[in-house]
Amino acid sequence: MLLEWYDRCARTMPWRGIHDPYRTWVSEIMLQQTRVETVIPYYERFLSRFPSLPDLASADETDVLKHWEGLGYYSRARNLLKGARQVMEQYHGILPKDPVLLRKISGIGPYTAGAIASIAYDVPVPAVDGNVLRVYSRLFGFRESIQLPAVRKELDRIASAVVSAHRPGDYNQAVMDLGAVVCVPGTPDCARCPLSSLCDAFSRGDAPDLPVIPGKAPQKVIHWTVPVIVSGNRTLVRRRTETLLHGLWCFPLLDCPPEDAAALLEKKFCIRAFSSGPSVHVRHVFTHLIWEMEILPLKASPDLPAPPDFSWIRLEDLNTLAFPAAMNAALETAAKIISDKEKSSPSEED
Ligand code: SF4
C-alpha cells in the first residue's frame, strides 16, 4: 500500500535512485534539521567538489566548511570529514553495510545508519527520525509522550517489524515522504493518505494532537553588538574556537550595548573606531539559542595591528572564508561598505 503510493508519488531528489553509500551518507547528513529544497543546491555543489569518499577524506577542513557555508549545524560537516577519514583507515574507503558498524563512524547515529544500510545496501532495517515517529505514533495510536523510553522502545520495535524485507530503502523513504508531505505536524492531510484505512489516529479523530511531545525548554537569548570595522581596505574577523560554529569566521561579538561598543573596542583591542552608518538589528535562531545582534558599521584608521586571535582581512577576500548564516547581515554590511567605497573612489580621485 505504502510502496504503491511511493511508486506513484515519490518526491524527486538528486540522491534518489542511486546505490552509492557515500552519496546517501552526504544527503542524510545534510537533511538533518534542513529542508529538502535547501539541501539540493548544497548537495550538488558539495558532490561536484568532493565526488567520492576518498576525495572528501583528503580535503582540508577549511575547504569542507566553505562548501557547507550557509547550511548551518557545522558540526555535521566536521563529523562527516572525520568519518570519511575513519572509513579510509578502517574500511579501505568503503562504508560498511552493517548498521552496528556504521554507528561507530563519526557523526552516524541510529537513524543515519539505518538510512545508509537500507537505501544503499538493501539491508532491512528501519530509519527512525522525527517524521517517522510522528507517522507511527498516529498510525499505531501512541498517546503517551514519545520521549518516554518505553514508548520510544516500542515505536522502534514496530519500525523494525514493519520495514519491507524486499525494498527496505524505498519503504523507509516512503515513510519519510509521507511524514514530510501528508502526515505533517499539526493538521495531516488524511484524505490523501494511503494508510488512512489502517490508521488509529484517523479513526479516532485525534491525529492533529499526536505525537505527544512535552513542552520544550525556552531558547536562551544572547545579545551581541557586532562591529563591522573597516580599517583601510580591511575588516576585523576571527576564526571561532568555541564549540558553537567551531572553525567558522565571525565578526567580533561584543557583549555590550551598541552605544558602548566604541569604548570597549578601544579599551580591549586598542582600536579607535567611529560610526560609518546606521546599525541594523538581526536575529539568528539556533536550536537551543537565539542571537539578537546589532550590526554596527564602523571605520578606523588604516594599518592597525590585529588584536590577538583576530585577523584583518581584505574586504574583497571575505568571500574566500567560511562564515555561518548568522553573519549574513554583517557580511551584507561589509559588502555595502565595499560598494560605497567603489562608488566614491572616482570622485575622490578627481
Ligand atoms: Fe497520518 Fe492521517 Fe495518514 Fe494517519 S491517516 S498516517 S494521521 S496522514
# chains A, B, ... in the order shown; residues from 1 in each chain; ligands from 1

call {"tool": "residues_near_ligand", "arguments": {"ligand": "ligand 1", "cutoff": "10 Å", "atoms": "only C-alpha atoms and all ligand atoms", "output": "VMD selection string"}}
result
chain A and resid 132 134 to 141 175 178 to 179 181 to 211

call {"tool": "closest_residue", "arguments": {"among": "A:Gly130, A:Pro124, A:Gly72, A:Gly17", "to": "A:Ala165", "atoms": "only C-alpha atoms"}}
result
A:Pro124

call {"tool": "residues_around", "arguments": {"residues": "A:Arg85", "least_positions_apart": "3", "cutoff": "6 Å", "atoms": "only C-alpha atoms", "output": "VMD selection string"}}
result
chain A and resid 57 82 88

call {"tool": "write_last_selection", "arguments": {"atoms": "C-alpha atoms", "output": "PDB file, in the first residue's frame"}}
result
ATOM      1  CA  ALA A  57      38.778  12.280   3.252  1.00  0.00           C
ATOM      2  CA  LYS A  82      36.240  12.896  10.366  1.00  0.00           C
ATOM      3  CA  MET A  88      39.510   5.260   4.717  1.00  0.00           C
TER       4      MET A  88
END

call {"tool": "closest_atom_pairs", "arguments": {"of": "stretch 190-255 of chain A", "to": "stretch 297-320 of chain A", "cutoff": "6 Å", "atoms": "only C-alpha atoms", "output": "tab-separated table"}}
result
residue	atom	partner	partner_atom	distance
A:Pro227	CA	A:Pro297	CA	6.0
A:Val228	CA	A:Pro297	CA	4.9
A:Ile229	CA	A:Leu298	CA	4.6
A:Val230	CA	A:Lys299	CA	4.7
A:Ser231	CA	A:Pro302	CA	4.6
A:Gly232	CA	A:Pro302	CA	4.4
A:Asn233	CA	A:Arg314	CA	5.7
A:Arg234	CA	A:Arg314	CA	4.2
A:Thr235	CA	A:Trp312	CA	5.3
A:Leu236	CA	A:Trp312	CA	4.6
A:Val237	CA	A:Ser311	CA	5.5
A:Arg238	CA	A:Phe310	CA	4.6

call {"tool": "residues_around", "arguments": {"residues": "A:Tyr121", "least_positions_apart": "3", "cutoff": "10 Å", "atoms": "only C-alpha atoms", "output": "JSON, numbers by chain"}}
result
{"A": [19, 20, 21, 96, 97, 98, 115, 116, 117, 118, 124, 168, 169]}

call {"tool": "write_last_selection", "arguments": {"atoms": "C-alpha atoms", "output": "PDB file, in the first residue's frame"}}
result
ATOM      1  CA  HIS A  19      23.019   2.931  -4.893  1.00  0.00           C
ATOM      2  CA  ASP A  20      26.016   4.852  -3.627  1.00  0.00           C
ATOM      3  CA  PRO A  21      26.524   4.742   0.157  1.00  0.00           C
ATOM      4  CA  PRO A  96      30.243  -0.922   5.904  1.00  0.00           C
ATOM      5  CA  LYS A  97      26.769  -2.453   5.393  1.00  0.00           C
ATOM      6  CA  ASP A  98      26.234  -3.417   9.000  1.00  0.00           C
ATOM      7  CA  ALA A 115      19.144   5.060   6.146  1.00  0.00           C
ATOM      8  CA  ILE A 116      22.553   4.144   4.653  1.00  0.00           C
ATOM      9  CA  ALA A 117      22.143   0.403   5.272  1.00  0.00           C
ATOM     10  CA  SER A 118      18.618   0.241   3.850  1.00  0.00           C
ATOM     11  CA  PRO A 124      16.003  -4.491   6.002  1.00  0.00           C
ATOM     12  CA  PRO A 168      13.689  -1.576   2.691  1.00  0.00           C
ATOM     13  CA  GLY A 169      15.300   1.581   1.307  1.00  0.00           C
TER      14      GLY A 169
END

call {"tool": "select_by_dssp", "arguments": {"residues": "stretch 34-115 of chain A", "states": "alpha helix (DSSP H)", "output": "NGL selection string"}}
result
:A and (36-49 or 53-57 or 61-68 or 75-91 or 99-102 or 110-115)

call {"tool": "residues_around", "arguments": {"residues": "A:Ser75", "least_positions_apart": "5", "cutoff": "12 Å", "atoms": "only C-alpha atoms", "output": "ChimeraX atom specification"}}
result
/A:29-30,32,61,64-65,68-69,80-83,106-107,242-248,324

call {"tool": "atom_distance", "arguments": {"atom1": "atom CA of A:Ala262", "atom2": "atom CA of A:His284"}}
result
23.4 Å

call {"tool": "residues_around", "arguments": {"residues": "A:Glu292", "least_positions_apart": "5", "cutoff": "9 Å", "atoms": "only C-alpha atoms", "output": "list in words"}}
result
Val221, Ile222, His223, Trp224, Thr225, His281, Val282, Arg283, His284 and Val285 of chain A

call {"tool": "write_last_selection", "arguments": {"atoms": "N, CA and C atoms", "output": "mmCIF file, in the first residue's frame"}}
result
data_model
loop_
_atom_site.group_PDB
_atom_site.id
_atom_site.type_symbol
_atom_site.label_atom_id
_atom_site.label_comp_id
_atom_site.auth_asym_id
_atom_site.auth_seq_id
_atom_site.Cartn_x
_atom_site.Cartn_y
_atom_site.Cartn_z
ATOM 1 N N VAL A 221 18.370 33.520 25.097
ATOM 2 C CA VAL A 221 18.609 34.648 24.187
ATOM 3 C C VAL A 221 19.910 35.349 24.579
ATOM 4 N N ILE A 222 20.801 35.552 23.612
ATOM 5 C CA ILE A 222 22.057 36.272 23.871
ATOM 6 C C ILE A 222 22.081 37.518 22.985
ATOM 7 N N HIS A 223 22.430 38.653 23.571
ATOM 8 C CA HIS A 223 22.513 39.907 22.813
ATOM 9 C C HIS A 223 23.969 40.201 22.477
ATOM 10 N N TRP A 224 24.246 40.476 21.212
ATOM 11 C CA TRP A 224 25.595 40.840 20.782
ATOM 12 C C TRP A 224 25.555 42.163 20.025
ATOM 13 N N THR A 225 26.605 42.931 20.213
ATOM 14 C CA THR A 225 26.855 44.024 19.272
ATOM 15 C C THR A 225 27.958 43.531 18.341
ATOM 16 N N HIS A 281 19.418 45.707 13.111
ATOM 17 C CA HIS A 281 19.153 44.646 14.094
ATOM 18 C C HIS A 281 18.800 43.347 13.375
ATOM 19 N N VAL A 282 19.423 42.249 13.750
ATOM 20 C CA VAL A 282 19.052 40.941 13.186
ATOM 21 C C VAL A 282 18.990 39.902 14.298
ATOM 22 N N ARG A 283 18.202 38.884 14.016
ATOM 23 C CA ARG A 283 18.032 37.793 14.991
ATOM 24 C C ARG A 283 18.398 36.510 14.266
ATOM 25 N N HIS A 284 19.206 35.682 14.922
ATOM 26 C CA HIS A 284 19.503 34.369 14.335
ATOM 27 C C HIS A 284 19.121 33.297 15.345
ATOM 28 N N VAL A 285 18.326 32.334 14.882
ATOM 29 C CA VAL A 285 17.818 31.304 15.777
ATOM 30 C C VAL A 285 18.598 30.010 15.564
#

call {"tool": "residues_around", "arguments": {"residues": "A:Ile119", "least_positions_apart": "3", "cutoff": "12 Å", "atoms": "only C-alpha atoms", "output": "PyMOL selection string"}}
result
chain A and resi 15-25+27-28+97+99+111-116+122-127+164+166-174

call {"tool": "closest_residue", "arguments": {"among": "A:Arg157, A:Arg45, A:Asp55, A:Met176", "to": "A:Leu31", "atoms": "only C-alpha atoms"}}
result
A:Met176
